[in-house]
Amino acid sequence: MAEAHQAVAFQFTVTPDGIDLHLSHQAFTEIYLSGVRSWKKRIIGLKNSVITGVYPASPSSWLFVVIAILATMYTRSDPSMGLIAKIQEHLPVSQSMSNQCQTLVSAVLFSTMLWLLLIFTMRLCLKQLLSYHRWMFEKHGKMSTTTKVWVALVRIFSGRKPLLYSYQGSLPNLPVPATKDTVKRHLESVRPLMDDTEYERMTKLSAEFESSLGKRLQWYLKLKALWATNYVSDWWEEYVYLRGRSPIMVNSNYYGMDFMYVTPTPIQAARAGNSLHAYFLYRRKLNKEELKPWMLRSAVPCCSYQFERMFDTCRIPGTLTDTVQHWQDSDYLAVYHRGRYFRLRMYHAGRLLSPREIESQIQKILDDPSPPSKGEAKLGALTAGDRIPWAKARVKYFSSGVNKRSLDYIEKAAFFVSLDDEEQGGMADDPTSLDSYAKSLLHGKCYDRWFDKSFTVVYFKNGKMGLNGEHSWADAPVLSHAWQYVLSMDCFQLGYNAEGHCKGEVDSSLPGPQKLNWEIPPECEEQISGSLAVAQALADDVDVHVFAFEEFGKGKIKRCRVSPDAFIQLALQLAHYRDQGRFCLTYESSMTRLFKEGRTETVRSCTNESSAFVRALEGGEAADVCRRLFQEASEKHQHLYRMAMTGAGIDRHLFCLYVVSKYLRVESPFLKEVLSEPWRLSTSQTPMHVEMFDMVNYPEYVSCGGGFGPVADDGYGVCYCALGENMLNFHITCKHSCPDTGANKFGAQIRKALRDLLQLLCPNQTQVGKTEVMRPEVKKDL
């Protein structure tokens, strides 16, 4: 209990002479400084709320309008057409207020109302402009006159120097597609997967649904769309993520990896020092809204609401459904090392610790010889197993006393840190090292990550690092932005000294990390063991393969006048057909962040056109025929991707109709069958924020990307990213328990498919050899 007393401002003991108080000056100082920091954040938040609230105008524009109105009145004109006089008539007349003063106040009030009306009009105009999406369907490099005018108007109404959330009030709402359009597109998407008999049966089911129950469900959904900001996102978060009762480890959480060829320092504590400092710099930018909103084609803003819960957030287990809890700005981290949990304060005397000071604190944890308390070592397995047992254990064993206090420290931390005692990812030329590295980040030992936290940063013994992200609060591109910022800051801004340590000095008065205490009863230990057994079985079943394809990249693909994403998706279709001998329902994630609170939509990448192309290529058709079919398949894929981005996808609409049917307690054979269709090939593209890296001068500083677990027991999960112009990276997962799948063999099929497609499209071009880049294992300084 000694550590718990450090959290209070004074200690007291009851003696025969009365109560003896021992005041703690340091505790009072920390409380004062914490309060100052909290008030500063509130003031900044208030200022940003004002700036965002009046965007696309600026607060200073109010003064301009007031001066303009007063100047016009000075010329004896009435710009208000009598409104200022009307306002003056209804002003509470004061004995001390002259007629001239009343006129001035009335003019200011009129100017303010005119200013607010102008803001409302500009926002309304911008919202209407952002609802125009025809620009996305135009061929690359060929912009119509209408789109050129639209771009000019968007830039005029967009204002200057937007904050992160400046566009939130101007984004359009996600539209509800017509039921007949969604049903028609669904039938088209399943045609290559069904024979004539199955397709005829599905057509009848679809027609029956569209003409009867579909109309009723659609009415309720349109009513929700009028009332709610986004008719999909809240139900998607609740029913797809939070109500899932199976483990979130592997099934939901995803991972991100470090640089592939570079380890900036081999010192574990030093790597943690720089990157943790960079994370808090990023959080400071996020709190001040200094991050730029994501813009498509430098003109069209994307929704930023998912950034709000990146830090100080935890998923809380429940028996029926989990909840996402977000707290105020936390000033500490929860750190795990060799079965012990620590609380690491990141601020001292009102300032953020320097990288060198954080390194020193991390090193103290690494050097701490104390053993874990009874039941503590594998406590994290509760977050890796089934959700209901964890929810019950949390209520029974962690709702009071020392256990609640320690659990609060973990759940309310800015994020979670795991100091791993293994080495990973150190040998870039060894293919199996990347597989082991990815597998460790995906699930670790099943108890050395806190899978409920918004994200866990993992530091390995050899200086490599990575992260594991919880999925319910946001999608991977949001966390990827912070991750790539940290990687860039770590190497190109903060750097290390000649010995590999962080730069700077250490304040000797820093208090050390606080070890958390636990009192775990035997019954709880049994529950921990049960959760660990479930998680371990799941982890052992996952097959992971990561590889870098260096023969060519998006640069050569674009020279073939093909979309890189369409090229890779068609390569995956070809590889899967060769691997399984059949086509399957394919999931490709697409964003809907052009709309307020938009998250994702599905692109069904297996189409009639793609299957026709694959059959033609495998059937030995002439190259000209295959190239024509490839072009048709590529254009179809791009069209579907754009439809998904602009709110005309299939799956989110059908999902919401299904949710409405459950609320109404009506059964729909059509929706039941659609929602039970397995995604045997689930794919996603990791975005690279190229502005953060100099790929020309530092080509070796490329991230390995990230990945996720397989969605279907007999299927594949594939995540890919284009690294620069000359490299593609793939993360493949499946399950050992399925005899028909194998991550390595599917990886080999992907490599062959990529080569075959390039040979088909560009037969006269010389073969591109392996990209030559510098690959130092350890980079001490820049």
# chains A, B, ... in the order shown; residues from 1 in each chain; ligands from 1
$ residues_around --residues "stretch 572-582 of chain A" --least-positions-apart "6" --cutoff "8 Å" --atoms "only C-alpha atoms" --output "PyMOL selection string"
chain A and resi 606+610-611+614+740+745-746+749-750+752-753
$ closest_residue --among "A:Ala107, A:Ala384, A:Ile732, A:Leu70" --to "A:Asn251" --atoms "only C-alpha atoms"
A:Ala384
$ closest_residue --among "A:Lys285, A:Lys148, A:Leu434, A:Pro175" --to "A:Tyr231" --atoms "only C-alpha atoms"
A:Pro175
$ closest_residue --among "A:Glu188, A:Glu725, A:Asp541, A:Glu550" --to "A:Arg755" --atoms "only C-alpha atoms"
A:Glu550
$ select_by_dssp --residues "stretch 105-240 of chain A" --states "alpha helix (DSSP H)" --output "PyMOL selection string"
chain A and resi 105-130+145-157+179-190+196-211+213-227+233-235
$ closest_atom_pairs --of "stretch 173-253 of chain A" --to "stretch 640-655 of chain A" --cutoff "8 Å" --atoms "only C-alpha atoms" --output "CSV"
residue,atom,partner,partner_atom,distance
A:Leu174,CA,A:Gly647,CA,6.1
A:Pro175,CA,A:Gly647,CA,6.1
A:Val176,CA,A:His653,CA,7.2
A:Pro177,CA,A:Ala648,CA,6.0
A:Thr182,CA,A:Ile650,CA,5.5
A:Val183,CA,A:Ile650,CA,7.9
A:Arg185,CA,A:Ile650,CA,6.8
A:His186,CA,A:Ile650,CA,6.4
A:Val232,CA,A:Arg652,CA,6.7
$ closest_residue --among "A:Trp473, A:Tyr701, A:Tyr496, A:Tyr132" --to "A:Thr313" --atoms "only C-alpha atoms"
A:Trp473
